[in-house]
>>> print(open('my_file.txt').read())   # compact mmCIF, C-alpha atoms
# COMPACT_ATOMS: atom_id res chain seq x y z
CA MET A 1 36.51 81.51 53.59
CA ASP A 2 37.25 85.03 54.79
CA THR A 3 38.58 88.32 53.42
CA VAL A 4 39.83 91.77 54.31
CA ALA A 5 37.22 94.51 53.98
CA ILE A 6 36.54 98.14 54.77
CA VAL A 7 34.17 98.05 57.74
CA ILE A 8 32.31 101.11 59.02
CA GLU A 9 31.84 99.93 62.59
CA GLU A 10 29.70 102.92 63.55
CA PRO A 11 29.32 106.46 62.20
CA GLY A 12 32.75 108.08 62.02
CA LYS A 13 34.62 104.87 62.86
CA LEU A 14 36.22 102.95 60.00
CA ALA A 15 38.59 99.97 60.06
CA LEU A 16 40.22 97.45 57.76
CA ASN A 17 39.00 94.16 59.24
CA ARG A 18 39.04 90.49 58.36
CA VAL A 19 35.48 89.23 57.95
CA ALA A 20 33.98 85.80 57.23
CA LEU A 21 32.31 85.12 53.87
CA VAL A 22 29.25 82.99 53.18
CA PRO A 23 29.99 79.86 51.10
CA PRO A 24 29.34 80.31 47.36
CA GLU A 25 26.29 78.63 45.80
CA ASP A 26 26.02 77.04 42.35
CA GLY A 27 25.11 80.31 40.61
CA ASP A 28 27.73 82.42 42.39
CA VAL A 29 31.17 83.62 41.43
CA VAL A 30 34.03 84.45 43.76
CA VAL A 31 35.79 87.65 42.71
CA ASP A 32 39.12 89.02 43.89
CA ILE A 33 38.61 92.77 43.87
CA GLU A 34 41.34 94.86 42.28
CA TRP A 35 39.89 98.36 42.70
CA SER A 36 36.89 99.88 44.48
CA GLY A 37 35.64 103.45 44.31
CA ILE A 38 34.51 105.61 47.22
CA SER A 39 31.09 107.19 46.67
CA THR A 40 30.87 110.78 47.89
CA GLY A 41 27.07 110.46 48.02
CA THR A 42 25.85 107.31 49.74
CA GLU A 43 29.13 106.39 51.45
CA ARG A 44 29.45 109.86 52.94
CA LEU A 45 26.02 109.39 54.52
CA LEU A 46 26.99 105.96 55.86
CA TRP A 47 30.18 107.45 57.29
CA THR A 48 28.42 110.40 58.96
CA GLY A 49 25.40 108.38 60.10
CA ASP A 50 23.02 110.58 58.09
CA MET A 51 21.81 107.85 55.71
CA PRO A 52 17.99 107.78 55.76
CA PRO A 53 16.33 104.43 56.58
CA PHE A 54 17.45 102.00 53.88
CA PRO A 55 16.84 98.24 53.39
CA GLY A 56 19.68 96.31 55.04
CA MET A 57 20.98 99.38 56.83
CA ASP A 58 22.81 98.65 60.08
CA TYR A 59 26.30 98.75 61.54
CA PRO A 60 28.89 97.29 61.26
CA LEU A 61 28.72 97.40 57.47
CA VAL A 62 30.88 96.99 54.39
CA PRO A 63 30.23 99.88 51.97
CA GLY A 64 30.94 100.18 48.25
CA TYR A 65 29.10 99.50 44.99
CA GLU A 66 31.85 100.49 42.51
CA SER A 67 34.23 97.54 42.33
CA VAL A 68 36.28 95.80 39.65
CA GLY A 69 38.02 92.43 39.98
CA ARG A 70 38.74 89.03 38.50
CA ILE A 71 36.74 85.84 38.90
CA VAL A 72 38.75 83.22 40.81
CA GLU A 73 35.95 80.68 41.21
CA SER A 74 32.80 80.12 39.15
CA GLY A 75 29.91 77.91 40.25
CA PRO A 76 28.51 75.15 38.01
CA ALA A 77 25.42 77.23 37.24
CA ALA A 78 27.37 80.45 36.56
CA ASP A 79 27.96 81.27 32.91
CA LEU A 80 31.24 83.08 33.56
CA LYS A 81 34.86 81.98 33.35
CA VAL A 82 37.66 82.05 35.88
CA GLY A 83 40.02 84.89 34.98
CA GLN A 84 37.38 87.24 33.56
CA ARG A 85 37.56 90.84 34.75
CA VAL A 86 34.15 92.02 35.95
CA PHE A 87 32.39 95.04 37.38
CA VAL A 88 30.78 94.26 40.74
CA PRO A 89 27.94 96.54 41.94
CA GLY A 90 28.27 95.44 45.57
CA ALA A 91 27.75 92.20 47.51
CA THR A 92 25.91 90.85 50.56
CA CYS A 93 28.26 87.98 51.36
CA TYR A 94 29.46 88.71 54.89
CA VAL A 95 28.76 86.59 57.96
CA ASP A 96 29.58 89.17 60.61
CA ALA A 97 28.94 92.48 58.85
CA HIS A 98 26.10 93.97 56.82
CA GLY A 99 26.71 94.35 53.11
CA LEU A 100 25.59 97.89 52.35
CA PHE A 101 26.61 98.01 49.64
CA GLY A 102 29.37 95.50 50.19
CA GLY A 103 31.92 95.99 47.42
CA ALA A 104 34.85 97.43 49.39
CA ALA A 105 36.65 94.15 50.11
CA ARG A 106 39.52 92.10 48.73
CA ARG A 107 37.26 89.15 47.90
CA VAL A 108 33.49 88.90 47.43
CA VAL A 109 30.96 86.17 46.74
CA VAL A 110 28.21 87.39 44.42
CA SER A 111 25.52 86.00 42.14
CA SER A 112 26.88 85.70 38.61
CA ASP A 113 23.91 87.56 37.14
CA ARG A 114 24.87 90.70 39.10
CA VAL A 115 28.36 91.12 37.70
CA LEU A 116 29.28 92.54 34.30
CA PRO A 117 32.27 91.33 32.26
CA ILE A 118 34.45 94.23 31.15
CA GLU A 119 37.51 94.61 28.94
CA ASP A 120 40.90 94.22 30.56
CA ASP A 121 42.12 97.56 29.27
CA LEU A 122 39.35 99.42 31.10
CA GLY A 123 41.21 98.69 34.35
CA GLU A 124 40.42 100.87 37.33
CA ARG A 125 38.17 103.11 35.21
CA GLY A 126 35.64 100.27 35.40
CA VAL A 127 34.63 101.47 38.89
CA LEU A 128 32.96 104.44 37.16
CA ILE A 129 30.41 102.28 35.35
CA ALA A 130 27.90 102.62 38.22
CA LEU A 131 28.00 106.42 38.13
CA ALA A 132 27.80 106.44 34.35
CA ALA A 133 24.73 104.19 34.57
CA THR A 134 23.24 106.51 37.21
CA ALA A 135 23.69 109.46 34.86
CA HIS A 136 22.24 107.52 31.94
CA HIS A 137 19.18 106.52 33.99
CA ALA A 138 18.50 110.16 34.85
CA LEU A 139 18.75 111.16 31.19
CA SER A 140 16.73 108.28 29.78
CA ALA A 141 13.50 108.11 31.76
CA GLU A 142 10.33 108.12 29.69
CA GLY A 143 9.60 111.66 28.57
CA ALA A 144 12.90 113.00 29.95
CA ARG A 145 14.20 116.22 28.48
CA PRO A 146 17.92 116.58 27.83
CA PRO A 147 19.61 118.94 30.29
CA ASP A 148 20.37 122.50 29.35
CA LEU A 149 21.78 123.17 32.84
CA ILE A 150 23.64 120.77 35.16
CA ILE A 151 24.46 121.68 38.75
CA GLY A 152 27.88 120.50 39.90
CA HIS A 153 31.03 119.56 37.96
CA GLY A 154 31.96 116.57 40.07
CA THR A 155 32.10 113.06 38.64
CA LEU A 156 28.33 112.67 38.24
CA GLY A 157 27.92 116.15 36.73
CA ARG A 158 30.70 115.46 34.23
CA LEU A 159 29.18 112.14 33.25
CA LEU A 160 25.76 113.75 32.77
CA ALA A 161 27.34 116.36 30.49
CA ARG A 162 29.41 113.80 28.57
CA LEU A 163 26.39 111.56 28.07
CA ALA A 164 24.24 114.45 26.87
CA VAL A 165 26.87 115.26 24.24
CA ALA A 166 27.34 111.55 23.39
CA LYS A 167 23.61 111.22 22.74
CA GLY A 168 23.70 114.14 20.30
CA PHE A 169 21.93 116.72 22.48
CA ASP A 170 22.99 120.35 22.61
CA ALA A 171 25.87 120.87 25.02
CA PRO A 172 24.52 121.80 28.47
CA THR A 173 25.84 124.56 30.70
CA VAL A 174 27.38 123.31 33.96
CA TRP A 175 27.43 125.36 37.16
CA GLU A 176 30.40 124.98 39.50
CA ARG A 177 31.48 127.21 42.38
CA ALA A 178 34.76 125.47 43.33
CA PRO A 179 37.70 126.67 41.20
CA ASP A 180 39.38 123.25 41.55
CA ARG A 181 36.45 121.65 39.74
CA SER A 182 35.89 124.19 37.00
CA GLU A 183 38.50 122.74 34.65
CA GLY A 184 38.38 119.60 32.54
CA ALA A 185 35.19 120.18 30.54
CA ASP A 186 34.66 118.27 27.30
CA ASP A 187 32.66 120.20 24.69
CA TYR A 188 30.47 122.09 27.17
CA PRO A 189 30.86 125.33 29.17
CA VAL A 190 31.45 125.42 32.94
CA VAL A 191 30.51 128.70 34.64
CA HIS A 192 30.11 130.10 38.13
CA PRO A 193 26.37 130.57 38.80
CA ASP A 194 26.94 134.25 39.63
CA ASP A 195 28.27 134.72 36.08
CA ASP A 196 25.20 133.18 34.44
CA GLY A 197 22.33 135.55 33.74
CA ARG A 198 19.88 133.04 32.23
CA HIS A 199 16.45 132.59 33.79
CA ASP A 200 14.79 130.46 31.11
CA TYR A 201 16.29 126.99 31.52
CA SER A 202 13.83 124.28 30.57
CA SER A 203 15.59 121.24 32.06
CA ILE A 204 17.90 121.46 35.08
CA TYR A 205 19.71 118.40 36.42
CA ASP A 206 21.06 118.67 39.96
CA ALA A 207 24.15 116.55 40.64
CA SER A 208 25.18 118.45 43.77
CA GLY A 209 23.16 116.61 46.42
CA ASP A 210 22.46 120.02 48.01
CA SER A 211 19.09 119.83 49.78
CA SER A 212 18.70 123.63 49.78
CA VAL A 213 19.10 124.15 46.04
CA LEU A 214 15.48 124.07 44.82
CA ASP A 215 14.53 127.73 45.30
CA THR A 216 17.61 128.85 43.36
CA LEU A 217 16.91 126.46 40.50
CA ILE A 218 13.21 127.30 40.28
CA GLY A 219 14.19 130.95 39.97
CA ARG A 220 16.32 130.11 36.93
CA MET A 221 13.79 128.05 34.96
CA GLY A 222 11.34 129.07 32.30
CA PHE A 223 7.61 128.30 32.27
CA GLY A 224 6.92 124.56 32.38
CA GLY A 225 10.53 123.77 33.26
CA GLU A 226 11.69 120.60 34.99
CA ILE A 227 14.22 119.94 37.74
CA VAL A 228 15.74 116.45 37.87
CA LEU A 229 17.15 115.40 41.24
CA ALA A 230 20.02 113.13 40.22
CA GLY A 231 21.97 113.23 43.49
CA PHE A 232 21.24 111.58 46.83
CA TYR A 233 19.81 113.80 49.57
CA SER A 234 19.99 113.25 53.32
CA GLN A 235 17.80 116.19 54.32
CA ARG A 236 14.20 117.05 53.49
CA LEU A 237 13.83 119.09 50.32
CA SER A 238 11.47 122.07 50.26
CA PHE A 239 10.73 125.07 48.08
CA ALA A 240 8.64 128.23 48.02
CA PHE A 241 5.37 127.40 46.33
CA ALA A 242 4.52 130.69 44.58
CA PRO A 243 7.55 130.89 42.23
CA ALA A 244 7.11 127.21 41.30
CA PHE A 245 3.37 127.75 40.77
CA MET A 246 3.96 130.72 38.46
CA ARG A 247 6.33 128.64 36.34
CA GLU A 248 4.21 125.47 36.48
CA ALA A 249 7.41 123.72 37.48
CA ARG A 250 7.98 119.98 37.58
CA ILE A 251 10.34 118.05 39.84
CA ARG A 252 11.50 114.54 38.91
CA ILE A 253 13.55 112.14 41.02
CA ALA A 254 16.01 109.90 39.20
CA ALA A 255 16.03 106.49 40.91
CA GLU A 256 18.67 103.76 40.92
CA TRP A 257 20.15 102.63 37.60
CA LYS A 258 19.01 99.44 35.90
CA LYS A 259 20.95 96.79 34.02
CA SER A 260 19.74 98.32 30.76
CA ASP A 261 21.51 101.56 31.71
CA ILE A 262 24.81 99.71 32.08
CA GLN A 263 24.27 98.07 28.70
CA ALA A 264 23.55 101.44 27.10
CA VAL A 265 26.65 102.98 28.68
CA ARG A 266 28.79 100.10 27.45
CA ALA A 267 27.43 100.55 23.92
CA LEU A 268 28.35 104.26 23.95
CA MET A 269 31.82 103.42 25.23
CA ASP A 270 32.30 100.73 22.58
CA ALA A 271 31.32 103.27 19.91
CA ASP A 272 33.92 105.74 21.30
CA LEU A 273 31.16 108.21 22.10
CA LEU A 274 31.64 108.16 25.89
CA SER A 275 34.95 108.33 27.73
CA LEU A 276 35.63 107.57 31.40
CA ASP A 277 39.06 109.18 31.22
CA ASN A 278 40.30 111.89 33.63
CA LEU A 279 37.70 111.23 36.31
CA ILE A 280 39.80 109.21 38.77
CA THR A 281 42.03 111.77 40.47
CA HIS A 282 43.20 109.90 43.58
CA THR A 283 44.27 106.32 44.37
CA SER A 284 45.05 104.93 47.82
CA LYS A 285 45.89 101.68 49.59
CA PRO A 286 43.13 100.07 51.69
CA GLU A 287 45.47 100.30 54.69
CA GLU A 288 45.18 104.08 54.34
CA ALA A 289 41.39 104.02 53.97
CA ALA A 290 40.62 106.40 56.84
CA ALA A 291 42.69 109.16 55.24
CA ALA A 292 41.36 108.24 51.78
CA TYR A 293 37.75 108.64 52.93
CA ARG A 294 38.53 112.05 54.45
CA THR A 295 40.11 113.16 51.18
CA ALA A 296 37.23 111.82 49.10
CA PHE A 297 34.67 113.66 51.22
CA GLY A 298 36.58 116.85 51.98
CA ASP A 299 38.94 117.76 49.12
CA PRO A 300 37.23 119.57 46.20
CA ALA A 301 40.14 118.52 43.95
CA CYS A 302 39.20 114.85 44.48
CA LEU A 303 36.70 113.79 41.82
CA LYS A 304 36.95 110.05 42.46
CA MET A 305 39.03 108.21 45.05
CA VAL A 306 39.88 104.59 44.25
CA LEU A 307 41.23 101.96 46.64
CA ASP A 308 43.79 99.59 45.07
CA TRP A 309 43.34 96.11 46.59
CA ARG A 310 45.84 94.20 44.45
CA ALA A 311 48.60 93.98 47.09
CA VAL A 312 46.26 92.99 49.94
CA GLN A 313 46.49 89.37 51.04
>>> encode(input="my_file.txt", output="structure tokens")
Amino acid sequence: MDTVAIVIEEPGKLALNRVALVPPEDGDVVVDIEWSGISTGTERLLWTGDMPPFPGMDYPLVPGYESVGRIVESGPAADLKVGQRVFVPGATCYVDAHGLFGGAARRVVVSSDRVLPIEDDLGERGVLIALAATAHHALSAEGARPPDLIIGHGTLGRLLARLAVAKGFDAPTVWERAPDRSEGADDYPVVHPDDDGRHDYSSIYDASGDSSVLDTLIGRMGFGGEIVLAGFYSQRLSFAFAPAFMREARIRIAAEWKKSDIQAVRALMDADLLSLDNLITHTSKPEEAAAAYRTAFGDPACLKMVLDWRAVQ
């Protein structure tokens, strides 16, 4: 069995290649991918070669952990049916390429306990479940404070703000410098940081991935405030000690989402408290992946780029 996949052959070099797949085992499902999202965090680092050491990291690799498709084969030990639409958070099923994170392919072989059945009408918006779960994980750690300031009005920043509102917290303020990203807020204000005079924020969530942001954020927090690092950072983070000391500041890192975060996100969606609408701004064919990746990484108007695999044989 083989498939067509996005392969980053080395930093800066991307191709649409045919790659061999490992044979499915009894507990596996074979999924024909319909859509996969391009991550502007981890995939950008894989593309540029700036990804810090990571388990399974090597080139050539198949990226992607935001995929949606239909099951075309289900093993005897898999409790899923052929024809079900599922969310796939990546796969490691390639013979001649590394699967990091492995979801950007026309067909994948994956353990049935890793995929999540989703409703048909969710369609391509299902690729956003991973980011929504990431946002939920950041908000839901033990002792976490709800955000009163979020940095960045990209997809993750919007999902953090939407989830805060969905959970009944006060609407946070969102900082955004790019005019193209300042629109589209739901029940929360979006402001340019230069237009915000507050210096008493108690809980600041950074969704920008900017490694140089800490000094600015510490200067805007009140005593005992907390900064939550919800992005993914390629460079070392540092900050001036004295301002943080005077505020008795805390810094928390939000790690990878868990299955319980996906379940919580699904429950909020089912209750019509959380919407994934108006977050996918661009769709492209896999044959045009090189241009799609450049747009995803370089165009501020692109919130989420999705590859449509349905016509690929």
>>> residues_around(input="my_file.txt", residues="Arg18 of chain A", least_positions_apart="4", cutoff="12 Å", atoms="all atoms listed in the file", output="short mmCIF file (atom, residue, chain, number, x, y, z; two decimals) with C-alpha atoms, keeping the file's coordinate frame")
data_model
loop_
_atom_site.label_atom_id
_atom_site.label_comp_id
_atom_site.auth_asym_id
_atom_site.auth_seq_id
_atom_site.Cartn_x
_atom_site.Cartn_y
_atom_site.Cartn_z
CA MET A 1 36.51 81.51 53.59
CA ASP A 2 37.25 85.03 54.79
CA THR A 3 38.58 88.32 53.42
CA VAL A 4 39.83 91.77 54.31
CA ALA A 5 37.22 94.51 53.98
CA ILE A 6 36.54 98.14 54.77
CA VAL A 7 34.17 98.05 57.74
CA VAL A 62 30.88 96.99 54.39
CA TYR A 94 29.46 88.71 54.89
CA VAL A 95 28.76 86.59 57.96
CA ASP A 96 29.58 89.17 60.61
CA ALA A 97 28.94 92.48 58.85
CA ALA A 105 36.65 94.15 50.11
CA ARG A 106 39.52 92.10 48.73
CA ARG A 107 37.26 89.15 47.90
CA VAL A 312 46.26 92.99 49.94
CA GLN A 313 46.49 89.37 51.04
#
>>> closest_residue(input="my_file.txt", among="A:Thr155, A:Ser260, A:Ser284, A:Ser211", to="Thr40 of chain A", atoms="all atoms listed in the file")
A:Thr155
>>> residues_around(input="my_file.txt", residues="Ile118 of chain A", least_positions_apart="2", cutoff="9 Å", atoms="only C-alpha atoms", output="VMD selection string")
chain A and resid 68 84 to 87 116 120 to 123 126 266
>>> closest_residue(input="my_file.txt", among="A:Pro55, A:Gly231, A:Gly224, A:Gly219", to="Ala135 of chain A", atoms="all atoms listed in the file")
A:Gly231
>>> residues_around(input="my_file.txt", residues="Trp309 of chain A", least_positions_apart="5", cutoff="7 Å", atoms="all atoms listed in the file", output="list in words")
Ile33, Glu34, Trp35, Arg106, Lys285 and Pro286 of chain A
>>> write_last_selection(input="my_file.txt", atoms="C-alpha atoms", output="mmCIF file, in the coordinates of the input")
data_model
loop_
_atom_site.group_PDB
_atom_site.id
_atom_site.type_symbol
_atom_site.label_atom_id
_atom_site.label_comp_id
_atom_site.auth_asym_id
_atom_site.auth_seq_id
_atom_site.Cartn_x
_atom_site.Cartn_y
_atom_site.Cartn_z
ATOM 1 C CA ILE A 33 38.610 92.770 43.870
ATOM 2 C CA GLU A 34 41.340 94.860 42.280
ATOM 3 C CA TRP A 35 39.890 98.360 42.700
ATOM 4 C CA ARG A 106 39.520 92.100 48.730
ATOM 5 C CA LYS A 285 45.890 101.680 49.590
ATOM 6 C CA PRO A 286 43.130 100.070 51.690
#
>>> residues_around(input="my_file.txt", residues="Lys81 of chain A", least_positions_apart="6", cutoff="9 Å", atoms="all atoms listed in the file", output="list of chain:residue names")
A:Ile71, A:Val72, A:Glu73, A:Ser74
>>> axis_aligned_box(input="my_file.txt", around="segment 242-248 of chain A", padding_each_side="8 Å", output="AutoDock Vina command-line options")
--center_x 5.5 --center_y 128.2 --center_z 40.5 --size_x 20.2 --size_y 21.4 --size_z 24.2
>>> closest_residue(input="my_file.txt", among="A:Leu229, A:Val31, A:Leu61, A:Val190", to="Ala207 of chain A", atoms="only C-alpha atoms")
A:Leu229
>>> atom_distance(input="my_file.txt", atom1="atom CA of Ala78 of chain A", atom2="atom CA of Val127 of chain A")
22.4 Å
>>> residues_around(input="my_file.txt", residues="Ile204 of chain A", least_positions_apart="5", cutoff="6 Å", atoms="only C-alpha atoms", output="JSON, numbers by chain")
{"A": [147, 149, 150, 227]}
>>> write_last_selection(input="my_file.txt", atoms="C-alpha atoms", output="mmCIF file, in the coordinates of the input")
data_model
loop_
_atom_site.group_PDB
_atom_site.id
_atom_site.type_symbol
_atom_site.label_atom_id
_atom_site.label_comp_id
_atom_site.auth_asym_id
_atom_site.auth_seq_id
_atom_site.Cartn_x
_atom_site.Cartn_y
_atom_site.Cartn_z
ATOM 1 C CA PRO A 147 19.610 118.940 30.290
ATOM 2 C CA LEU A 149 21.780 123.170 32.840
ATOM 3 C CA ILE A 150 23.640 120.770 35.160
ATOM 4 C CA ILE A 227 14.220 119.940 37.740
#
>>> atom_distance(input="my_file.txt", atom1="atom CA of Val174 of chain A", atom2="atom CA of Glu226 of chain A")
16.0 Å
>>> atom_distance(input="my_file.txt", atom1="atom CA of Leu16 of chain A", atom2="atom CA of Ala291 of chain A")
12.2 Å
>>> closest_residue(input="my_file.txt", among="A:Tyr205, A:Phe169, A:Phe101, A:Phe241", to="Gly157 of chain A", atoms="only C-alpha atoms")
A:Tyr205
>>> closest_residue(input="my_file.txt", among="A:Leu139, A:Ala144, A:Gly49, A:Tyr233", to="Trp257 of chain A", atoms="only C-alpha atoms")
A:Leu139
>>> closest_residue(input="my_file.txt", among="A:Asp148, A:Glu124, A:Glu183, A:Glu142", to="Ala301 of chain A", atoms="all atoms listed in the file")
A:Glu183
>>> residues_near_point(input="my_file.txt", point="(35.5, 122.5, 31.5)", cutoff="12 Å", atoms="all atoms listed in the file", output="count of residues only")
28
>>> residues_near_point(input="my_file.txt", point="(25.1, 95.4, 29.9)", cutoff="10 Å", atoms="all atoms listed in the file", output="PyMOL selection string")
chain A and resi 115-118+133+258-267
>>> write_last_selection(input="my_file.txt", atoms="C-alpha atoms", output="PDB file, in the frame of the given file")
ATOM      1  CA  VAL A 115      28.360  91.120  37.700  1.00  0.00           C
ATOM      2  CA  LEU A 116      29.280  92.540  34.300  1.00  0.00           C
ATOM      3  CA  PRO A 117      32.270  91.330  32.260  1.00  0.00           C
ATOM      4  CA  ILE A 118      34.450  94.230  31.150  1.00  0.00           C
ATOM      5  CA  ALA A 133      24.730 104.190  34.570  1.00  0.00           C
ATOM      6  CA  LYS A 258      19.010  99.440  35.900  1.00  0.00           C
ATOM      7  CA  LYS A 259      20.950  96.790  34.020  1.00  0.00           C
ATOM      8  CA  SER A 260      19.740  98.320  30.760  1.00  0.00           C
ATOM      9  CA  ASP A 261      21.510 101.560  31.710  1.00  0.00           C
ATOM     10  CA  ILE A 262      24.810  99.710  32.080  1.00  0.00           C
ATOM     11  CA  GLN A 263      24.270  98.070  28.700  1.00  0.00           C
ATOM     12  CA  ALA A 264      23.550 101.440  27.100  1.00  0.00           C
ATOM     13  CA  VAL A 265      26.650 102.980  28.680  1.00  0.00           C
ATOM     14  CA  ARG A 266      28.790 100.100  27.450  1.00  0.00           C
ATOM     15  CA  ALA A 267      27.430 100.550  23.920  1.00  0.00           C
TER      16      ALA A 267
END
>>> decode(input="my_file.txt", residues="segment 47-69 of chain A", atoms="N, CA and C atoms", output="PDB file, in the first residue's frame")
ATOM      1  N   TRP A  47       9.606  23.522   8.396  1.00  0.00           N
ATOM      2  CA  TRP A  47       9.909  24.056   7.062  1.00  0.00           C
ATOM      3  C   TRP A  47      11.217  24.856   7.079  1.00  0.00           C
ATOM      4  N   THR A  48      11.404  25.674   8.109  1.00  0.00           N
ATOM      5  CA  THR A  48      12.604  26.514   8.178  1.00  0.00           C
ATOM      6  C   THR A  48      13.815  25.777   8.733  1.00  0.00           C
ATOM      7  N   GLY A  49      13.591  24.625   9.383  1.00  0.00           N
ATOM      8  CA  GLY A  49      14.689  23.912  10.018  1.00  0.00           C
ATOM      9  C   GLY A  49      14.994  24.395  11.418  1.00  0.00           C
ATOM     10  N   ASP A  50      14.090  25.215  11.992  1.00  0.00           N
ATOM     11  CA  ASP A  50      14.321  25.779  13.322  1.00  0.00           C
ATOM     12  C   ASP A  50      13.657  24.985  14.439  1.00  0.00           C
ATOM     13  N   MET A  51      13.039  23.848  14.121  1.00  0.00           N
ATOM     14  CA  MET A  51      12.391  23.048  15.158  1.00  0.00           C
ATOM     15  C   MET A  51      13.441  22.552  16.153  1.00  0.00           C
ATOM     16  N   PRO A  52      13.245  22.828  17.444  1.00  0.00           N
ATOM     17  CA  PRO A  52      14.161  22.287  18.452  1.00  0.00           C
ATOM     18  C   PRO A  52      14.128  20.754  18.437  1.00  0.00           C
ATOM     19  N   PRO A  53      15.140  20.112  19.052  1.00  0.00           N
ATOM     20  CA  PRO A  53      15.153  18.642  19.083  1.00  0.00           C
ATOM     21  C   PRO A  53      13.815  18.092  19.582  1.00  0.00           C
ATOM     22  N   PHE A  54      13.266  17.131  18.830  1.00  0.00           N
ATOM     23  CA  PHE A  54      11.918  16.639  19.079  1.00  0.00           C
ATOM     24  C   PHE A  54      11.915  15.147  18.793  1.00  0.00           C
ATOM     25  N   PRO A  55      11.235  14.323  19.627  1.00  0.00           N
ATOM     26  CA  PRO A  55      11.220  12.878  19.363  1.00  0.00           C
ATOM     27  C   PRO A  55      10.721  12.563  17.959  1.00  0.00           C
ATOM     28  N   GLY A  56      11.482  11.761  17.215  1.00  0.00           N
ATOM     29  CA  GLY A  56      11.099  11.379  15.864  1.00  0.00           C
ATOM     30  C   GLY A  56      11.460  12.389  14.805  1.00  0.00           C
ATOM     31  N   MET A  57      12.200  13.435  15.202  1.00  0.00           N
ATOM     32  CA  MET A  57      12.521  14.511  14.279  1.00  0.00           C
ATOM     33  C   MET A  57      13.668  14.123  13.358  1.00  0.00           C
ATOM     34  N   ASP A  58      13.406  14.107  12.068  1.00  0.00           N
ATOM     35  CA  ASP A  58      14.434  13.898  11.047  1.00  0.00           C
ATOM     36  C   ASP A  58      13.793  14.116   9.684  1.00  0.00           C
ATOM     37  N   TYR A  59      14.615  14.339   8.699  1.00  0.00           N
ATOM     38  CA  TYR A  59      14.138  14.523   7.326  1.00  0.00           C
ATOM     39  C   TYR A  59      14.537  13.305   6.490  1.00  0.00           C
ATOM     40  N   PRO A  60      13.757  12.962   5.460  1.00  0.00           N
ATOM     41  CA  PRO A  60      12.501  13.577   5.020  1.00  0.00           C
ATOM     42  C   PRO A  60      11.360  13.250   5.976  1.00  0.00           C
ATOM     43  N   LEU A  61      10.378  14.121   6.038  1.00  0.00           N
ATOM     44  CA  LEU A  61       9.269  13.913   6.969  1.00  0.00           C
ATOM     45  C   LEU A  61       7.948  14.340   6.350  1.00  0.00           C
ATOM     46  N   VAL A  62       6.892  13.726   6.843  1.00  0.00           N
ATOM     47  CA  VAL A  62       5.522  14.115   6.490  1.00  0.00           C
ATOM     48  C   VAL A  62       4.969  14.915   7.673  1.00  0.00           C
ATOM     49  N   PRO A  63       4.614  16.182   7.471  1.00  0.00           N
ATOM     50  CA  PRO A  63       4.105  17.003   8.575  1.00  0.00           C
ATOM     51  C   PRO A  63       2.599  16.819   8.750  1.00  0.00           C
ATOM     52  N   GLY A  64       2.021  17.596   9.655  1.00  0.00           N
ATOM     53  CA  GLY A  64       0.567  17.682   9.753  1.00  0.00           C
ATOM     54  C   GLY A  64      -0.054  16.894  10.881  1.00  0.00           C
ATOM     55  N   TYR A  65      -0.831  17.589  11.723  1.00  0.00           N
ATOM     56  CA  TYR A  65      -1.562  16.910  12.811  1.00  0.00           C
ATOM     57  C   TYR A  65      -3.008  17.416  12.882  1.00  0.00           C
ATOM     58  N   GLU A  66      -3.494  17.977  11.752  1.00  0.00           N
ATOM     59  CA  GLU A  66      -4.842  18.537  11.717  1.00  0.00           C
ATOM     60  C   GLU A  66      -5.554  17.984  10.477  1.00  0.00           C
ATOM     61  N   SER A  67      -5.959  16.742  10.540  1.00  0.00           N
ATOM     62  CA  SER A  67      -6.515  16.091   9.351  1.00  0.00           C
ATOM     63  C   SER A  67      -7.908  15.523   9.629  1.00  0.00           C
ATOM     64  N   VAL A  68      -8.713  15.500   8.563  1.00  0.00           N
ATOM     65  CA  VAL A  68     -10.060  14.940   8.615  1.00  0.00           C
ATOM     66  C   VAL A  68     -10.239  14.034   7.406  1.00  0.00           C
ATOM     67  N   GLY A  69     -10.823  12.842   7.624  1.00  0.00           N
ATOM     68  CA  GLY A  69     -11.050  11.925   6.510  1.00  0.00           C
ATOM     69  C   GLY A  69     -12.086  10.872   6.859  1.00  0.00           C
TER      70      GLY A  69
END
